[in-house]
Structure formats: C-alpha cells, structure tokens
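Visitor: Contents of protein14.cif (mmCIF, C-alpha atoms) are below:
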data_entry
loop_
_atom_site.label_atom_id
_atom_site.label_comp_id
_atom_site.auth_asym_id
_atom_site.auth_seq_id
_atom_site.Cartn_x
_atom_site.Cartn_y
_atom_site.Cartn_z
CA MET A 209 -24.07 -5.48 -8.41
CA SER A 210 -21.38 -3.59 -6.46
CA GLN A 211 -18.99 -1.12 -8.03
CA ILE A 212 -15.40 -1.69 -6.97
CA PRO A 213 -12.60 0.89 -7.35
CA GLY A 214 -10.85 0.60 -10.68
CA SER A 215 -14.14 0.07 -12.56
CA LEU A 216 -14.36 -3.62 -11.70
CA LYS A 217 -17.83 -4.93 -10.94
CA LEU A 218 -18.54 -7.82 -8.67
CA SER A 219 -21.65 -9.79 -9.42
CA ASP A 220 -21.55 -11.77 -6.20
CA PRO A 221 -23.22 -10.28 -3.13
CA THR A 222 -20.88 -7.91 -1.33
CA PRO A 223 -22.06 -5.45 1.26
CA ALA A 224 -22.58 -1.89 0.12
CA ASP A 225 -20.37 0.53 2.03
CA SER A 226 -23.51 2.02 3.55
CA GLU A 227 -24.21 -1.36 5.17
CA LEU A 228 -20.81 -1.43 6.91
CA ASP A 229 -19.74 0.28 10.10
CA PRO A 230 -17.13 3.06 9.72
CA ARG A 231 -14.18 0.83 10.65
CA ARG A 232 -15.10 -1.79 8.04
CA ARG A 233 -15.70 0.90 5.38
CA ARG A 234 -12.27 2.40 6.07
CA LEU A 235 -10.54 -0.99 5.92
CA ASN A 236 -12.37 -1.95 2.73
CA PHE A 237 -11.26 1.31 1.10
CA ARG A 238 -7.65 0.84 2.25
CA ALA A 239 -7.61 -2.72 0.91
CA TRP A 240 -8.46 -1.44 -2.59
CA HIS A 241 -5.93 1.41 -2.45
CA ARG A 242 -2.65 -0.32 -1.62
CA GLY A 243 -0.39 1.15 -4.30
CA THR A 244 0.09 -1.51 -6.95
CA LYS A 245 -2.85 -2.73 -9.01
CA GLU A 246 -1.97 -6.41 -8.48
CA THR A 247 -1.97 -6.09 -4.71
CA ASP A 248 -5.11 -3.91 -4.83
CA LEU A 249 -6.91 -6.69 -6.70
CA MET A 250 -5.74 -9.51 -4.44
CA VAL A 251 -6.19 -7.78 -1.09
CA GLY A 252 -9.23 -5.73 -2.12
CA ALA A 253 -11.13 -8.70 -3.52
CA PHE A 254 -10.34 -10.81 -0.44
CA VAL A 255 -11.46 -8.07 1.93
CA ALA A 256 -14.61 -7.31 -0.10
CA ARG A 257 -15.64 -10.98 0.13
CA HIS A 258 -15.16 -11.20 3.89
CA ILE A 259 -15.28 -7.73 5.47
CA ALA A 260 -18.86 -8.05 6.73
CA THR A 261 -18.08 -11.25 8.67
CA PHE A 262 -14.63 -10.49 10.10
CA THR A 263 -14.41 -10.69 13.88
CA ASP A 264 -12.86 -7.85 15.87
CA ALA A 265 -9.65 -9.90 16.14
CA GLU A 266 -9.60 -10.38 12.35
CA LEU A 267 -10.18 -6.65 11.84
CA ASP A 268 -7.22 -5.98 14.15
CA GLU A 269 -5.07 -8.37 12.10
CA LEU A 270 -6.31 -6.82 8.85
CA GLU A 271 -5.23 -3.38 10.09
CA GLN A 272 -1.75 -4.79 10.72
CA ILE A 273 -1.65 -6.44 7.28
CA LEU A 274 -2.62 -3.18 5.59
CA GLU A 275 0.35 -1.48 7.26
CA LEU A 276 2.79 -3.89 5.59
CA PRO A 277 4.79 -2.58 2.61
CA ASP A 278 2.88 -3.11 -0.62
CA VAL A 279 5.80 -4.71 -2.46
CA ASP A 280 6.42 -7.22 0.32
CA LEU A 281 2.73 -8.09 0.69
CA GLY A 282 2.40 -8.59 -3.06
CA ASP A 283 5.48 -10.81 -3.18
CA TRP A 284 4.20 -12.94 -0.29
CA LEU A 285 0.70 -13.31 -1.73
CA MET A 286 2.08 -14.23 -5.16
CA GLN A 287 4.45 -16.68 -3.44
CA ARG A 288 7.58 -15.03 -4.80
CA ARG A 289 8.92 -15.02 -1.23
CA PRO A 290 7.71 -16.81 1.90
CA ILE A 291 5.83 -14.85 4.54
CA PRO A 292 8.20 -14.25 7.47
CA ALA A 293 7.24 -16.45 10.41
CA GLU A 294 6.81 -13.45 12.73
CA LEU A 295 4.14 -11.99 10.40
CA ALA A 296 2.27 -15.18 9.47
CA GLY A 297 -1.05 -14.90 11.29
CA PRO A 298 -4.30 -16.73 10.60
CA LEU A 299 -5.81 -14.00 8.39
CA LEU A 300 -2.68 -13.49 6.28
CA SER A 301 -2.41 -17.27 5.86
CA ARG A 302 -6.04 -17.43 4.74
CA MET A 303 -5.45 -14.54 2.35
CA LEU A 304 -2.44 -16.37 0.89
CA VAL A 305 -4.51 -19.49 0.20
CA GLU A 306 -7.39 -17.57 -1.42
CA CYS A 307 -5.07 -15.36 -3.48
CA ASN A 308 -3.52 -18.45 -5.03
CA GLU A 309 -6.79 -20.05 -6.10
CA SER A 310 -7.57 -20.03 -9.80
CA GLY A 311 -9.08 -16.68 -10.82
CA ALA A 312 -8.13 -14.87 -7.58
CA GLY A 313 -8.37 -11.13 -7.99
CA LEU A 314 -10.77 -11.40 -10.91
CA PRO A 315 -14.44 -10.50 -10.76
CA PRO A 316 -16.56 -13.68 -10.62
CA HIS A 317 -17.87 -13.21 -14.18
CA LEU A 318 -14.27 -13.36 -15.50
CA ARG A 319 -13.17 -16.47 -13.60
#
Show me, as structure tokens, the structure contained in the file I just sent.
Guide:
Amino acid sequence: MSQIPGSLKLSDPTPADSELDPRRRRLNFRAWHRGTKETDLMVGAFVARHIATFTDAELDELEQILELPDVDLGDWLMQRRPIPAELAGPLLSRMLVECNESGAGLPPHLR
C-alpha cells in the first residue's frame, strides 16, 4: 500500500518513489502539491496511476500542465470552464476524462 501526501492511502499498485527516476519522482511530487486540495487530488491521483508508464513526450506535456495556474486547471478538470483550444493536448484531454469518472480523486477503497 502506498502512502500519498495528505494521508490518503492507495490500495492499488502504484510505484514507490524509489522505483521512479528523478524526473518522475519530481513530477509526481509536484502533481500532489498544486495548491488547492481538489486539484491536488485530481492531478495527483491521475499522475500516480500513470507516472511509471508515461512516455518522454507525455512527461514533457505533464511538465507544461503543472505550470498552469491551479485555479484554471481545477476549473477545466471540473468542467466549470472549457479547456482553451491552444492548451488542449492529448494528456490534458485524457486527464479531463479520467477526472470526471465516478470516484475520481478518491482512493480506490472509497470509490
């Protein structure tokens, strides 16, 4: 069982930070420390599920996503506002879909 920042525990298999290369560890940490708890949960949970399998191109896109303002990213992922066309890349679109599935942002045992 992996410990996630904020005292949440994931019971599904997620890579331990020690199993990740430094770039992936840094991005995983940044995904969980966005600024608002809601965005931390959405982005952090998404990244935790996929960080080990992201391609270099996806890691590049993730770095760009993590630079976006927290309030805007949260609004887009919660579908309060549409993602601007110039920012809508494949990874952000995938994140949007997964963040709007039932139970998104919750540990698996709470879904």
Visitor: Report the distance between CA of Pro292 in chain A and CA of Arg233 in chain A in Å, rounded to one decimal place.
Guide: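 Between these atoms lies a distance of 28.4 Å.
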Visitor: In Å, with one decimal, what is the gap from CA of Gln272 in chain A to CA of Pro298 in chain A?
Guide: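 Separation between CA of Gln272 in chain A and CA of Pro298 in chain A: 12.2 Å.
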Visitor: Please write the residues picked by the PyMOL selection byres ((chain A and resi 279) around 12) on this file as a ChimeraX atom specification.
Guide: /A:242-248,274-278,280-286,288-289
Visitor: To one decimal place in Å, what is the distance between CA of Glu306 in chain A and CA of Phe237 in chain A?
Guide: 19.4 Å
Visitor: Step by step, work through what the PyMOL selection byres ((chain A and resi 260) around 7) selects in the shown file, and finish by giving those residues as a PyMOL selection string.
Guide: chain A and resi 223+228+258-259+261-262
Visitor: With all atoms listed in the file as the counted atoms, please give the residues lying no more than 10 Å from Val255 in chain A, apart from itself and same-chain residues fewer than 5 positions off, as a ChimeraX atom specification.
Guide: /A:222,232,235-240,249-250,260-262,270,303
Visitor: Which residue is closest to Ile291 in chain A? Choose from A:Asp268, A:Pro230, A:Ile273, A:Gly252 and count all atoms listed in the file.
Guide: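 Looking only at the distances to Ile291 in chain A, the closest residue turns out to be A:Ile273.
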Visitor: Which is closer to Gly297 in chain A than all the others in A:Glu266, A:Asp229, A:Arg234, A:Phe254, using all atoms listed in the file?
Guide: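 Of all the options, A:Glu266 lies closest to Gly297 in chain A.
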Visitor: Hey, could you patch up range 290-315 of chain A with N, CA, C and O atoms and hand it over as an mmCIF file, in the frame of the given file?
Guide:
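Printed below is selection24.cif as written:
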data_model
loop_
_atom_site.group_PDB
_atom_site.id
_atom_site.type_symbol
_atom_site.label_atom_id
_atom_site.label_comp_id
_atom_site.auth_asym_id
_atom_site.auth_seq_id
_atom_site.Cartn_x
_atom_site.Cartn_y
_atom_site.Cartn_z
ATOM 1 N N PRO A 290 8.555 -16.313 0.796
ATOM 2 C CA PRO A 290 7.710 -16.810 1.900
ATOM 3 C C PRO A 290 7.379 -15.679 2.872
ATOM 4 O O PRO A 290 8.153 -14.735 3.046
ATOM 5 N N ILE A 291 6.219 -15.804 3.498
ATOM 6 C CA ILE A 291 5.830 -14.850 4.540
ATOM 7 C C ILE A 291 6.729 -15.095 5.741
ATOM 8 O O ILE A 291 6.862 -16.239 6.196
ATOM 9 N N PRO A 292 7.369 -14.055 6.273
ATOM 10 C CA PRO A 292 8.200 -14.250 7.470
ATOM 11 C C PRO A 292 7.371 -14.825 8.617
ATOM 12 O O PRO A 292 6.219 -14.433 8.827
ATOM 13 N N ALA A 293 7.945 -15.749 9.331
ATOM 14 C CA ALA A 293 7.240 -16.450 10.410
ATOM 15 C C ALA A 293 6.632 -15.480 11.422
ATOM 16 O O ALA A 293 5.522 -15.707 11.914
ATOM 17 N N GLU A 294 7.314 -14.384 11.719
ATOM 18 C CA GLU A 294 6.810 -13.450 12.730
ATOM 19 C C GLU A 294 5.598 -12.651 12.250
ATOM 20 O O GLU A 294 4.904 -12.031 13.053
ATOM 21 N N LEU A 295 5.290 -12.710 10.950
ATOM 22 C CA LEU A 295 4.140 -11.990 10.400
ATOM 23 C C LEU A 295 2.993 -12.918 9.992
ATOM 24 O O LEU A 295 1.894 -12.458 9.697
ATOM 25 N N ALA A 296 3.256 -14.215 9.963
ATOM 26 C CA ALA A 296 2.270 -15.180 9.470
ATOM 27 C C ALA A 296 1.189 -15.442 10.507
ATOM 28 O O ALA A 296 1.338 -16.286 11.372
ATOM 29 N N GLY A 297 0.092 -14.697 10.405
ATOM 30 C CA GLY A 297 -1.050 -14.900 11.290
ATOM 31 C C GLY A 297 -2.152 -15.633 10.541
ATOM 32 O O GLY A 297 -2.050 -15.871 9.328
ATOM 33 N N PRO A 298 -3.222 -15.969 11.228
ATOM 34 C CA PRO A 298 -4.300 -16.730 10.600
ATOM 35 C C PRO A 298 -4.935 -16.016 9.400
ATOM 36 O O PRO A 298 -5.212 -16.644 8.380
ATOM 37 N N LEU A 299 -5.151 -14.705 9.493
ATOM 38 C CA LEU A 299 -5.810 -14.000 8.390
ATOM 39 C C LEU A 299 -4.885 -13.879 7.185
ATOM 40 O O LEU A 299 -5.317 -14.089 6.046
ATOM 41 N N LEU A 300 -3.630 -13.577 7.395
ATOM 42 C CA LEU A 300 -2.680 -13.490 6.280
ATOM 43 C C LEU A 300 -2.505 -14.855 5.623
ATOM 44 O O LEU A 300 -2.432 -14.953 4.400
ATOM 45 N N SER A 301 -2.499 -15.916 6.418
ATOM 46 C CA SER A 301 -2.410 -17.270 5.860
ATOM 47 C C SER A 301 -3.630 -17.604 5.012
ATOM 48 O O SER A 301 -3.522 -18.185 3.936
ATOM 49 N N ARG A 302 -4.796 -17.219 5.490
ATOM 50 C CA ARG A 302 -6.040 -17.430 4.740
ATOM 51 C C ARG A 302 -6.039 -16.623 3.444
ATOM 52 O O ARG A 302 -6.446 -17.109 2.388
ATOM 53 N N MET A 303 -5.544 -15.392 3.524
ATOM 54 C CA MET A 303 -5.450 -14.540 2.350
ATOM 55 C C MET A 303 -4.504 -15.169 1.320
ATOM 56 O O MET A 303 -4.797 -15.177 0.121
ATOM 57 N N LEU A 304 -3.390 -15.715 1.775
ATOM 58 C CA LEU A 304 -2.440 -16.370 0.890
ATOM 59 C C LEU A 304 -3.092 -17.519 0.136
ATOM 60 O O LEU A 304 -2.944 -17.639 -1.083
ATOM 61 N N VAL A 305 -3.840 -18.354 0.829
ATOM 62 C CA VAL A 305 -4.510 -19.490 0.200
ATOM 63 C C VAL A 305 -5.510 -19.002 -0.853
ATOM 64 O O VAL A 305 -5.501 -19.457 -1.999
ATOM 65 N N GLU A 306 -6.367 -18.051 -0.477
ATOM 66 C CA GLU A 306 -7.390 -17.570 -1.420
ATOM 67 C C GLU A 306 -6.785 -16.833 -2.597
ATOM 68 O O GLU A 306 -7.306 -16.918 -3.709
ATOM 69 N N CYS A 307 -5.690 -16.116 -2.387
ATOM 70 C CA CYS A 307 -5.070 -15.360 -3.480
ATOM 71 C C CYS A 307 -4.371 -16.280 -4.476
ATOM 72 O O CYS A 307 -4.023 -15.845 -5.572
ATOM 73 N N ASN A 308 -4.168 -17.516 -4.122
ATOM 74 C CA ASN A 308 -3.520 -18.450 -5.030
ATOM 75 C C ASN A 308 -4.485 -19.447 -5.648
ATOM 76 O O ASN A 308 -4.071 -20.380 -6.324
ATOM 77 N N GLU A 309 -5.784 -19.236 -5.422
ATOM 78 C CA GLU A 309 -6.790 -20.050 -6.100
ATOM 79 C C GLU A 309 -6.945 -19.550 -7.527
ATOM 80 O O GLU A 309 -6.687 -18.381 -7.820
ATOM 81 N N SER A 310 -7.368 -20.408 -8.401
ATOM 82 C CA SER A 310 -7.570 -20.030 -9.800
ATOM 83 C C SER A 310 -8.563 -18.874 -9.890
ATOM 84 O O SER A 310 -9.643 -18.910 -9.302
ATOM 85 N N GLY A 311 -8.191 -17.816 -10.606
ATOM 86 C CA GLY A 311 -9.080 -16.680 -10.820
ATOM 87 C C GLY A 311 -9.061 -15.678 -9.684
ATOM 88 O O GLY A 311 -9.846 -14.730 -9.711
ATOM 89 N N ALA A 312 -8.192 -15.830 -8.697
ATOM 90 C CA ALA A 312 -8.130 -14.870 -7.580
ATOM 91 C C ALA A 312 -7.860 -13.476 -8.122
ATOM 92 O O ALA A 312 -7.063 -13.286 -9.022
ATOM 93 N N GLY A 313 -8.551 -12.510 -7.574
ATOM 94 C CA GLY A 313 -8.370 -11.130 -7.990
ATOM 95 C C GLY A 313 -9.226 -10.732 -9.176
ATOM 96 O O GLY A 313 -9.265 -9.571 -9.551
ATOM 97 N N LEU A 314 -9.904 -11.702 -9.784
ATOM 98 C CA LEU A 314 -10.770 -11.400 -10.910
ATOM 99 C C LEU A 314 -12.222 -11.332 -10.449
ATOM 100 O O LEU A 314 -12.613 -12.075 -9.552
ATOM 101 N N PRO A 315 -13.007 -10.481 -11.069
ATOM 102 C CA PRO A 315 -14.440 -10.500 -10.760
ATOM 103 C C PRO A 315 -15.006 -11.877 -11.111
ATOM 104 O O PRO A 315 -14.518 -12.541 -12.029
#
